[in-house]
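The file final.cif contains mmCIF, C-alpha atoms:
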```cif
data_coords
loop_
_atom_site.group_PDB
_atom_site.id
_atom_site.type_symbol
_atom_site.label_atom_id
_atom_site.label_comp_id
_atom_site.auth_asym_id
_atom_site.auth_seq_id
_atom_site.Cartn_x
_atom_site.Cartn_y
_atom_site.Cartn_z
ATOM 1 C CA MET S 550 -4.149 -10.961 17.738
ATOM 2 C CA LYS S 551 -1.340 -9.871 20.003
ATOM 3 C CA GLY S 552 1.852 -8.641 18.437
ATOM 4 C CA LYS S 553 5.134 -7.136 19.396
ATOM 5 C CA THR S 554 6.750 -3.871 18.428
ATOM 6 C CA ALA S 555 10.399 -3.168 17.805
ATOM 7 C CA ILE S 556 12.630 -0.311 16.838
ATOM 8 C CA ILE S 557 15.784 -0.445 14.787
ATOM 9 C CA GLY S 558 17.979 2.592 14.983
ATOM 10 C CA ARG S 559 21.363 4.140 15.385
ATOM 11 C CA GLY S 560 22.765 5.163 18.714
ATOM 12 C CA ASP S 561 21.143 5.815 22.037
ATOM 13 C CA GLY S 562 17.918 7.359 20.776
ATOM 14 C CA VAL S 563 16.310 3.936 20.565
ATOM 15 C CA LEU S 564 16.722 3.470 24.305
ATOM 16 C CA ALA S 565 14.001 6.048 24.878
ATOM 17 C CA PHE S 566 11.657 3.804 22.921
ATOM 18 C CA LYS S 567 12.784 0.842 24.954
ATOM 19 C CA ALA S 568 11.564 2.617 28.070
ATOM 20 C CA GLY S 569 8.197 2.973 26.336
ATOM 21 C CA GLY S 570 7.883 -0.780 25.916
ATOM 22 C CA VAL S 571 9.283 -1.232 22.424
ATOM 23 C CA ASP S 572 12.041 -3.785 21.874
ATOM 24 C CA ALA S 573 15.141 -1.950 20.767
ATOM 25 C CA TYR S 574 17.757 -3.153 18.303
ATOM 26 C CA VAL S 575 20.767 -0.930 17.887
ATOM 27 C CA CYS S 576 22.269 -1.059 14.399
ATOM 28 C CA ASP S 577 24.961 1.381 13.444
ATOM 29 C CA ASP S 578 25.257 0.673 9.753
ATOM 30 C CA GLU S 579 23.021 -0.273 6.859
ATOM 31 C CA PRO S 580 24.054 -3.917 6.257
ATOM 32 C CA LYS S 581 23.549 -4.705 9.904
ATOM 33 C CA ALA S 582 20.142 -3.012 9.896
ATOM 34 C CA ARG S 583 19.172 -4.979 6.794
ATOM 35 C CA ALA S 584 20.149 -8.263 8.419
ATOM 36 C CA THR S 585 18.322 -7.368 11.628
ATOM 37 C CA LEU S 586 15.181 -6.307 9.809
ATOM 38 C CA LYS S 587 15.119 -9.535 7.828
ATOM 39 C CA LYS S 588 15.627 -11.558 10.970
ATOM 40 C CA ILE S 589 12.995 -9.910 13.150
ATOM 41 C CA ALA S 590 10.351 -9.122 10.505
ATOM 42 C CA PRO S 591 8.383 -12.381 10.954
ATOM 43 C CA SER S 592 8.100 -12.085 14.720
ATOM 44 C CA TYR S 593 7.006 -8.449 15.069
ATOM 45 C CA SER S 594 3.835 -6.640 13.994
ATOM 46 C CA VAL S 595 5.163 -3.122 13.971
ATOM 47 C CA ILE S 596 8.794 -2.232 13.425
ATOM 48 C CA PHE S 597 9.942 1.358 13.726
ATOM 49 C CA LEU S 598 12.968 2.205 11.663
ATOM 50 C CA THR S 599 14.874 5.460 11.828
ATOM 51 C CA ASP S 600 14.796 7.583 8.675
ATOM 52 C CA ASP S 601 18.503 7.455 7.947
ATOM 53 C CA LEU S 602 18.472 3.647 7.914
ATOM 54 C CA ALA S 603 15.142 3.373 6.105
ATOM 55 C CA GLU S 604 16.500 5.197 3.076
ATOM 56 C CA GLY S 605 18.965 2.411 2.389
ATOM 57 C CA LEU S 606 16.430 -0.358 3.022
ATOM 58 C CA ASP S 607 13.807 1.024 0.662
ATOM 59 C CA ASP S 608 13.566 -2.157 -1.423
ATOM 60 C CA LEU S 609 12.968 -4.333 1.627
ATOM 61 C CA ILE S 610 10.281 -1.984 2.945
ATOM 62 C CA ASN S 611 8.504 -1.949 -0.402
ATOM 63 C CA ARG S 612 8.461 -5.723 -0.450
ATOM 64 C CA MET S 613 6.781 -5.793 2.942
ATOM 65 C CA ASN S 614 3.944 -3.636 1.648
ATOM 66 C CA GLU S 615 2.451 -6.717 -0.005
ATOM 67 C CA SER S 616 0.907 -8.035 3.195
ATOM 68 C CA ALA S 617 -0.717 -6.305 6.160
ATOM 69 C CA TYR S 618 1.987 -7.232 8.661
ATOM 70 C CA PRO S 619 4.735 -6.414 9.544
ATOM 71 C CA ILE S 620 4.316 -2.668 9.338
ATOM 72 C CA ILE S 621 7.555 -0.776 8.873
ATOM 73 C CA VAL S 622 7.246 2.797 10.093
ATOM 74 C CA PRO S 623 10.016 5.270 9.403
ATOM 75 C CA VAL S 624 10.543 7.552 12.394
ATOM 76 C CA PRO S 625 12.888 10.506 12.760
ATOM 77 C CA GLY S 626 16.197 9.628 14.375
ATOM 78 C CA GLU S 627 18.274 11.629 16.812
ATOM 79 C CA ASN S 628 19.268 14.078 14.109
ATOM 80 C CA GLY S 629 15.700 14.816 13.110
ATOM 81 C CA SER S 630 13.757 13.751 10.049
ATOM 82 C CA THR S 631 15.380 13.292 6.662
ATOM 83 C CA GLY S 632 12.102 13.661 4.813
ATOM 84 C CA TYR S 633 12.041 10.000 3.818
ATOM 85 C CA ALA S 634 8.440 9.489 4.908
ATOM 86 C CA LYS S 635 7.271 12.542 2.963
ATOM 87 C CA THR S 636 9.027 11.340 -0.167
ATOM 88 C CA LYS S 637 7.284 7.993 0.235
ATOM 89 C CA MET S 638 3.910 9.669 0.644
ATOM 90 C CA LYS S 639 4.492 11.725 -2.460
ATOM 91 C CA GLU S 640 5.539 8.660 -4.411
ATOM 92 C CA GLN S 641 2.411 6.755 -3.371
ATOM 93 C CA MET S 642 0.185 9.676 -4.208
ATOM 94 C CA GLU S 643 1.629 9.999 -7.660
ATOM 95 C CA ARG S 644 1.294 6.279 -8.178
ATOM 96 C CA ALA S 645 -2.334 6.122 -7.122
ATOM 97 C CA LEU S 646 -3.799 9.439 -8.185
ATOM 98 C CA GLY S 647 -1.342 10.681 -10.767
ATOM 99 C CA VAL S 648 -1.126 14.059 -9.083
ATOM 100 C CA ASP S 649 0.281 15.432 -5.894
ATOM 101 C CA ILE S 650 -2.603 16.757 -3.806
ATOM 102 C CA LEU S 651 -0.751 17.623 -0.610
ATOM 103 C CA PHE S 652 2.699 19.006 -1.164
ATOM 104 C CA GLN S 653 2.558 21.073 -4.320
ATOM 105 C CA ARG S 654 1.018 23.978 -2.471
ATOM 106 C CA GLU S 655 3.850 24.125 0.041
ATOM 107 C CA GLU S 656 6.556 24.227 -2.562
ATOM 108 C CA ARG S 657 5.299 27.361 -4.230
ATOM 109 C CA MET V 926 -6.589 -3.610 -33.422
ATOM 110 C CA THR V 927 -6.169 -7.305 -33.950
ATOM 111 C CA ARG V 928 -9.146 -9.542 -33.971
ATOM 112 C CA LEU V 929 -9.182 -12.890 -32.233
ATOM 113 C CA ASN V 930 -8.376 -16.006 -34.204
ATOM 114 C CA VAL V 931 -11.700 -17.867 -34.255
ATOM 115 C CA ASN V 932 -13.897 -19.622 -36.802
ATOM 116 C CA PRO V 933 -16.698 -17.402 -38.105
ATOM 117 C CA THR V 934 -19.575 -19.566 -36.915
ATOM 118 C CA ARG V 935 -22.799 -18.836 -35.087
ATOM 119 C CA MET V 936 -21.536 -20.850 -32.133
ATOM 120 C CA GLU V 937 -18.468 -18.630 -31.760
ATOM 121 C CA LEU V 938 -20.580 -15.507 -32.238
ATOM 122 C CA LYS V 939 -22.793 -16.485 -29.351
ATOM 123 C CA LYS V 940 -19.833 -17.291 -27.129
ATOM 124 C CA LEU V 941 -18.113 -14.016 -27.947
ATOM 125 C CA LYS V 942 -21.251 -12.000 -27.311
ATOM 126 C CA SER V 943 -21.588 -13.398 -23.819
ATOM 127 C CA ARG V 944 -17.879 -12.793 -23.216
ATOM 128 C CA LEU V 945 -18.307 -9.187 -24.312
ATOM 129 C CA ALA V 946 -21.234 -8.724 -21.952
ATOM 130 C CA THR V 947 -19.158 -10.095 -19.053
ATOM 131 C CA ALA V 948 -16.201 -7.926 -19.966
ATOM 132 C CA VAL V 949 -18.320 -4.779 -20.103
ATOM 133 C CA ARG V 950 -19.889 -5.556 -16.756
ATOM 134 C CA GLY V 951 -16.515 -6.369 -15.202
ATOM 135 C CA HIS V 952 -15.114 -3.158 -16.562
ATOM 136 C CA LYS V 953 -17.883 -1.137 -14.984
ATOM 137 C CA LEU V 954 -17.464 -2.877 -11.640
ATOM 138 C CA LEU V 955 -13.698 -2.412 -11.628
ATOM 139 C CA LYS V 956 -14.092 1.227 -12.525
ATOM 140 C CA ASP V 957 -16.468 1.743 -9.609
ATOM 141 C CA LYS V 958 -14.037 -0.062 -7.334
ATOM 142 C CA SER V 959 -11.245 2.171 -8.505
ATOM 143 C CA ASP V 960 -13.315 5.311 -7.885
ATOM 144 C CA GLU V 961 -14.136 4.255 -4.356
ATOM 145 C CA MET V 962 -10.542 3.268 -3.595
ATOM 146 C CA ILE V 963 -9.299 6.622 -4.831
ATOM 147 C CA ARG V 964 -11.835 8.407 -2.649
ATOM 148 C CA ARG V 965 -10.696 6.486 0.416
ATOM 149 C CA PHE V 966 -7.072 6.950 -0.523
ATOM 150 C CA SER V 967 -7.310 10.715 -0.795
ATOM 151 C CA MET V 968 -9.030 10.857 2.579
ATOM 152 C CA LEU V 969 -6.444 8.612 4.206
ATOM 153 C CA ILE V 970 -3.432 10.342 2.745
ATOM 154 C CA LYS V 971 -4.533 13.648 4.234
ATOM 155 C CA GLU V 972 -4.903 11.948 7.590
ATOM 156 C CA ASN V 973 -1.500 10.342 7.055
ATOM 157 C CA LYS V 974 0.138 13.682 6.432
ATOM 158 C CA ARG V 975 -1.455 15.263 9.477
ATOM 159 C CA LEU V 976 -0.370 12.438 11.771
ATOM 160 C CA ARG V 977 3.074 12.275 10.258
ATOM 161 C CA ASP V 978 3.678 15.988 10.810
ATOM 162 C CA GLU V 979 2.479 15.785 14.401
ATOM 163 C CA VAL V 980 4.476 12.684 15.242
ATOM 164 C CA GLU V 981 7.645 13.887 13.585
ATOM 165 C CA SER V 982 7.727 17.196 15.402
ATOM 166 C CA GLU V 983 6.860 15.642 18.771
ATOM 167 C CA LEU V 984 9.316 12.822 18.373
ATOM 168 C CA SER V 985 12.150 15.022 17.181
ATOM 169 C CA ASP V 986 11.636 17.240 20.213
ATOM 170 C CA GLY V 987 11.524 14.273 22.534
ATOM 171 C CA LEU V 988 14.604 12.667 21.066
ATOM 172 C CA LYS V 989 16.578 15.879 21.187
ATOM 173 C CA GLN V 990 15.650 16.342 24.794
ATOM 174 C CA PHE V 991 16.590 12.742 25.466
ATOM 175 C CA ALA V 992 19.974 13.188 23.809
ATOM 176 C CA PHE V 993 20.717 16.222 25.946
ATOM 177 C CA ALA V 994 19.467 14.558 29.092
ATOM 178 C CA THR V 995 21.549 11.460 28.661
ATOM 179 C CA ALA V 996 24.680 13.159 27.397
ATOM 180 C CA LEU V 997 26.069 13.316 30.899
ATOM 181 C CA SER V 998 25.639 9.627 31.682
ATOM 182 C CA SER V 999 28.086 7.039 30.484
ATOM 183 C CA LYS V 1000 27.086 4.357 28.024
ATOM 184 C CA SER V 1001 27.158 1.565 30.551
ATOM 185 C CA GLU V 1002 25.001 3.557 32.970
ATOM 186 C CA MET V 1003 22.460 4.166 30.226
ATOM 187 C CA GLU V 1004 22.344 0.573 29.225
ATOM 188 C CA LYS V 1005 21.864 -0.451 32.824
ATOM 189 C CA ALA V 1006 19.054 2.050 33.302
ATOM 190 C CA PHE V 1007 17.136 0.859 30.251
ATOM 191 C CA SER V 1008 17.949 -2.821 30.389
ATOM 192 C CA MET V 1009 14.671 -3.886 31.985
ATOM 193 C CA PRO V 1010 11.653 -2.120 30.498
ATOM 194 C CA ARG V 1011 8.735 -1.960 32.912
ATOM 195 C CA LYS V 1012 5.910 -1.870 30.417
ATOM 196 C CA HIS V 1013 4.919 -3.256 27.074
ATOM 197 C CA VAL V 1014 3.033 -1.757 24.231
ATOM 198 C CA ASP V 1015 -0.282 -3.553 24.450
ATOM 199 C CA ALA V 1016 -2.245 -3.497 21.270
ATOM 200 C CA ASP V 1017 -4.547 -5.649 19.215
ATOM 201 C CA PHE V 1018 -3.333 -6.223 15.708
ATOM 202 C CA GLY V 1019 -6.298 -7.103 13.531
ATOM 203 C CA ILE V 1020 -7.081 -7.108 9.867
ATOM 204 C CA LYS V 1021 -9.587 -4.827 8.187
ATOM 205 C CA ASN V 1022 -10.983 -5.105 4.716
ATOM 206 C CA ILE V 1023 -11.097 -2.023 2.509
ATOM 207 C CA MET V 1024 -12.433 -2.815 -0.964
ATOM 208 C CA SER V 1025 -11.068 -6.364 -0.636
ATOM 209 C CA VAL V 1026 -7.614 -5.137 0.305
ATOM 210 C CA GLU V 1027 -6.578 -6.635 3.607
ATOM 211 C CA VAL V 1028 -5.151 -3.810 5.669
ATOM 212 C CA PRO V 1029 -4.010 -3.771 9.275
ATOM 213 C CA SER V 1030 -6.160 -2.354 12.032
ATOM 214 C CA ILE V 1031 -4.524 -1.616 15.351
ATOM 215 C CA THR V 1032 -6.224 -0.784 18.614
ATOM 216 C CA VAL V 1033 -4.026 0.182 21.500
ATOM 217 C CA THR V 1034 -5.570 -1.526 24.503
ATOM 218 C CA GLU V 1035 -3.377 -0.133 27.235
ATOM 219 C CA SER V 1036 -1.525 3.094 27.130
ATOM 220 C CA GLY V 1037 1.452 3.641 29.388
ATOM 221 C CA ASP V 1038 1.035 4.700 32.998
ATOM 222 C CA GLY V 1039 4.264 6.661 32.904
ATOM 223 C CA GLU V 1040 6.337 4.279 34.968
ATOM 224 C CA MET V 1041 10.060 4.539 34.480
ATOM 225 C CA PRO V 1042 12.220 1.487 33.956
ATOM 226 C CA TYR V 1043 14.927 2.927 36.178
ATOM 227 C CA ALA V 1044 15.206 4.481 39.607
ATOM 228 C CA TYR V 1045 14.848 8.241 39.643
ATOM 229 C CA ALA V 1046 18.332 8.652 41.080
ATOM 230 C CA GLU V 1047 19.937 6.909 38.145
ATOM 231 C CA LEU V 1048 19.380 9.500 35.433
ATOM 232 C CA THR V 1049 18.610 13.191 35.245
ATOM 233 C CA SER V 1050 15.064 14.498 35.495
ATOM 234 C CA GLU V 1051 15.134 15.712 31.895
ATOM 235 C CA ALA V 1052 15.480 12.104 30.908
ATOM 236 C CA ASP V 1053 12.239 11.351 32.763
ATOM 237 C CA TYR V 1054 10.410 14.040 30.824
ATOM 238 C CA SER V 1055 11.699 12.959 27.473
ATOM 239 C CA VAL V 1056 10.993 9.294 28.142
ATOM 240 C CA LYS V 1057 7.436 10.171 29.176
ATOM 241 C CA LYS V 1058 7.000 12.291 26.090
ATOM 242 C CA ILE V 1059 8.215 9.539 23.803
ATOM 243 C CA SER V 1060 6.017 6.949 25.505
ATOM 244 C CA LYS V 1061 3.054 9.178 24.795
ATOM 245 C CA VAL V 1062 4.025 9.510 21.156
ATOM 246 C CA ILE V 1063 4.140 5.728 20.801
ATOM 247 C CA ASP V 1064 0.332 5.486 20.937
ATOM 248 C CA LYS V 1065 0.085 7.981 18.147
ATOM 249 C CA LEU V 1066 2.793 6.139 16.271
ATOM 250 C CA MET V 1067 0.658 3.004 16.287
ATOM 251 C CA LEU V 1068 -2.185 4.936 14.681
ATOM 252 C CA LEU V 1069 0.247 6.347 12.153
ATOM 253 C CA ALA V 1070 1.535 2.846 11.440
ATOM 254 C CA GLU V 1071 -1.981 1.689 10.616
ATOM 255 C CA VAL V 1072 -2.819 4.646 8.395
ATOM 256 C CA GLU V 1073 0.506 4.654 6.627
ATOM 257 C CA LYS V 1074 0.393 0.964 5.815
ATOM 258 C CA THR V 1075 -3.200 1.268 4.603
ATOM 259 C CA VAL V 1076 -2.206 4.109 2.306
ATOM 260 C CA ALA V 1077 0.750 2.153 0.953
ATOM 261 C CA MET V 1078 -1.348 -0.945 0.287
ATOM 262 C CA LEU V 1079 -4.168 1.037 -1.286
ATOM 263 C CA ALA V 1080 -1.704 2.808 -3.576
ATOM 264 C CA ILE V 1081 -0.442 -0.541 -4.854
ATOM 265 C CA GLU V 1082 -3.962 -1.897 -5.281
ATOM 266 C CA ILE V 1083 -5.196 1.225 -7.082
ATOM 267 C CA GLU V 1084 -2.345 0.944 -9.539
ATOM 268 C CA ARG V 1085 -3.050 -2.729 -10.134
ATOM 269 C CA ASN V 1086 -6.737 -2.070 -10.556
ATOM 270 C CA LYS V 1087 -6.044 0.720 -13.012
ATOM 271 C CA ARG V 1088 -4.103 -1.712 -15.155
ATOM 272 C CA ARG V 1089 -6.977 -4.174 -15.139
ATOM 273 C CA VAL V 1090 -9.466 -1.475 -16.096
ATOM 274 C CA ASN V 1091 -7.237 -0.291 -18.918
ATOM 275 C CA ALA V 1092 -6.609 -3.808 -20.189
ATOM 276 C CA LEU V 1093 -10.357 -4.359 -20.401
ATOM 277 C CA GLU V 1094 -11.163 -0.967 -21.849
ATOM 278 C CA TYR V 1095 -8.428 -0.700 -24.445
ATOM 279 C CA VAL V 1096 -7.597 -4.302 -25.315
ATOM 280 C CA LEU V 1097 -10.190 -6.924 -24.552
ATOM 281 C CA ILE V 1098 -13.414 -5.031 -25.253
ATOM 282 C CA PRO V 1099 -12.288 -3.568 -28.635
ATOM 283 C CA GLN V 1100 -10.899 -6.969 -29.623
ATOM 284 C CA LEU V 1101 -14.156 -8.726 -28.839
ATOM 285 C CA GLY V 1102 -16.197 -6.033 -30.604
ATOM 286 C CA GLU V 1103 -14.085 -6.291 -33.708
ATOM 287 C CA THR V 1104 -14.230 -10.068 -33.782
ATOM 288 C CA ILE V 1105 -17.999 -9.998 -33.356
ATOM 289 C CA SER V 1106 -18.488 -7.590 -36.255
ATOM 290 C CA TYR V 1107 -16.093 -9.700 -38.348
ATOM 291 C CA ILE V 1108 -18.102 -12.855 -37.693
ATOM 292 C CA LYS V 1109 -21.355 -11.030 -38.402
ATOM 293 C CA SER V 1110 -20.131 -9.718 -41.734
ATOM 294 C CA LYS V 1111 -18.732 -13.119 -42.648
ATOM 295 C CA LEU V 1112 -22.059 -14.796 -41.851
ATOM 296 C CA ASP V 1113 -24.002 -12.161 -43.797
ATOM 297 C CA GLU V 1114 -21.715 -12.662 -46.727
ATOM 298 C CA ASN V 1115 -22.240 -16.416 -46.605
ATOM 299 C CA GLU V 1116 -25.975 -15.853 -46.548
ATOM 300 C CA ARG V 1117 -25.851 -13.522 -49.552
ATOM 301 C CA ALA V 1118 -23.678 -16.016 -51.387
ATOM 302 C CA ALA V 1119 -26.200 -18.777 -50.667
ATOM 303 C CA THR V 1120 -29.128 -16.616 -51.901
ATOM 304 C CA THR V 1121 -27.432 -15.645 -55.140
ATOM 305 C CA ARG V 1122 -26.412 -19.258 -55.728
ATOM 306 C CA LEU V 1123 -30.007 -20.385 -55.276
ATOM 307 C CA MET V 1124 -31.261 -17.656 -57.618
ATOM 308 C CA LYS V 1125 -28.686 -18.604 -60.189
ATOM 309 C CA VAL V 1126 -29.559 -22.295 -59.950
ATOM 310 C CA LYS V 1127 -33.251 -21.502 -60.201
ATOM 311 C CA GLY V 1128 -32.568 -19.417 -63.292
ATOM 312 C CA MET V 1129 -30.607 -22.243 -64.864
ATOM 313 C CA ILE V 1130 -33.396 -24.746 -64.147
ATOM 314 C CA GLU V 1131 -36.010 -22.439 -65.674
ATOM 315 C CA GLU V 1132 -33.814 -21.887 -68.725
ATOM 316 C CA ARG V 1133 -33.518 -25.638 -69.208
ATOM 317 C CA LYS V 1134 -37.309 -26.089 -68.878
ATOM 318 C CA ALA V 1135 -37.993 -23.412 -71.507
ATOM 319 C CA GLN V 1136 -35.794 -25.186 -74.098
#
```

Could you quickly redo this structure as structure tokens?
Amino acid sequence: MKGKTAIIGRGDGVLAFKAGGVDAYVCDDEPKARATLKKIAPSYSVIFLTDDLAEGLDDLINRMNESAYPIIVPVPGENGSTGYAKTKMKEQMERALGVDILFQREER
Amino acid sequence: MTRLNVNPTRMELKKLKSRLATAVRGHKLLKDKSDEMIRRFSMLIKENKRLRDEVESELSDGLKQFAFATALSSKSEMEKAFSMPRKHVDADFGIKNIMSVEVPSITVTESGDGEMPYAYAELTSEADYSVKKISKVIDKLMLLAEVEKTVAMLAIEIERNKRRVNALEYVLIPQLGETISYIKSKLDENERAATTRLMKVKGMIEERKAQ
């Protein structure tokens, strides 16, 4: 199956992805990003979403985890990572295993 | 624990016994499934973390470089330069089955050949480097997308499965066991009652004969 990829992000950083062959959607605030994500979700297989926007759209991302596609991938934005993806990983680990097997060593 | 509301008959006893056998077998199967899913999950989440760390550092570097490189150009110039992308991310998006969870499986069929969407004169050379760097990261990002989604879906399924296992182990199986022993004791009691009644009747008949 062929699919398309897209990125939703703030500012000019997304243009670099556009050069790499990913459709870019520039959204400067959360409501706009939410609307865009809802609109484009059915037609793309992989959607990259910058960390700062992903934090506000957590509920929508969780809902999309029910089926295999679309895949929403949080990526660091221009200002670097906010740690959203790590928090998600930790959350999933605690949900599935009950313990944190990756990060607890780093915190000490 | 509450027992089920059924009539204490042999028919019901038989039905319940077969239900108990199914429940015990189902419980064992689900528990095995859960073990295997957890094994896969812990493998995948390590992979996920490794990829995530790699991608995040590479991408942050690339984006920073890109921001510096394009700071000198005006917005309209930038938009012009990137308005017509030369390549597409070519990948096959399939579906894989892990313990009956349908997870995505992505194979990148064509990685970028490093062609720029703009003429070299349009933007600075740092922009070229950063764009190339980011294009390279995109392949890795696709792999990350697959792993991360698989982990997320497995986490949900493991939790769901755990609930099923617990419902069987702590609710259904004890309930069935209790109901079965209740029916058994009720039937035994009926039998004893019947025996004593017969003995009593026999005694009465013999007493009458002796008179």

Check your understanding: So which one's closest to S:Leu598, S:Glu643, S:Glu615, S:Asp572, S:Asp649? Using all atoms listed in the file, please.
Key ->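 Answer, going by the shortest atom-to-atom distance: S:Asp572.
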
Practice item. Determine which residues of chain S sit within 9 Å of chain V, taking into account only C-alpha atoms, and present them as a ChimeraX atom specification. Key: /S:550-554,561-572,594-595,597,611,614-618,620-622,624-630,634-635,637-638,641-646,650-651

Point to revise | Near-stretch 1091-1097 of chain V list (9 Å; all atoms listed in the file; drop same-chain fewer than 3 positions) as number ranges by chain | key: V: 926, 945, 948-949, 951-952, 1086-1088, 1100-1102

Point to revise | Picked residues, the PyMOL selection byres ((chain S and resi 582) around 10), as JSON, numbers by chain | key: {"S": [557, 558, 559, 574, 575, 576, 577, 578, 579, 580, 581, 583, 584, 585, 586, 587, 588, 598, 602, 603, 605, 606]}

Practice item. Report the distance between atom CA of S:Ile610 and atom CA of V:Lys956 in Å, rounded to one decimal place. Key: 29.0 Å

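What separates atom CA of V:Thr1104 from atom CA of V:Arg1117 is a distance of 19.9 Å.
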
**Study point:** Between atom CA of V:Met968 and atom CA of S:Lys639, distance in Å (one decimal)
**Key:**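 Atom CA of V:Met968 sits 14.5 Å away from atom CA of S:Lys639.
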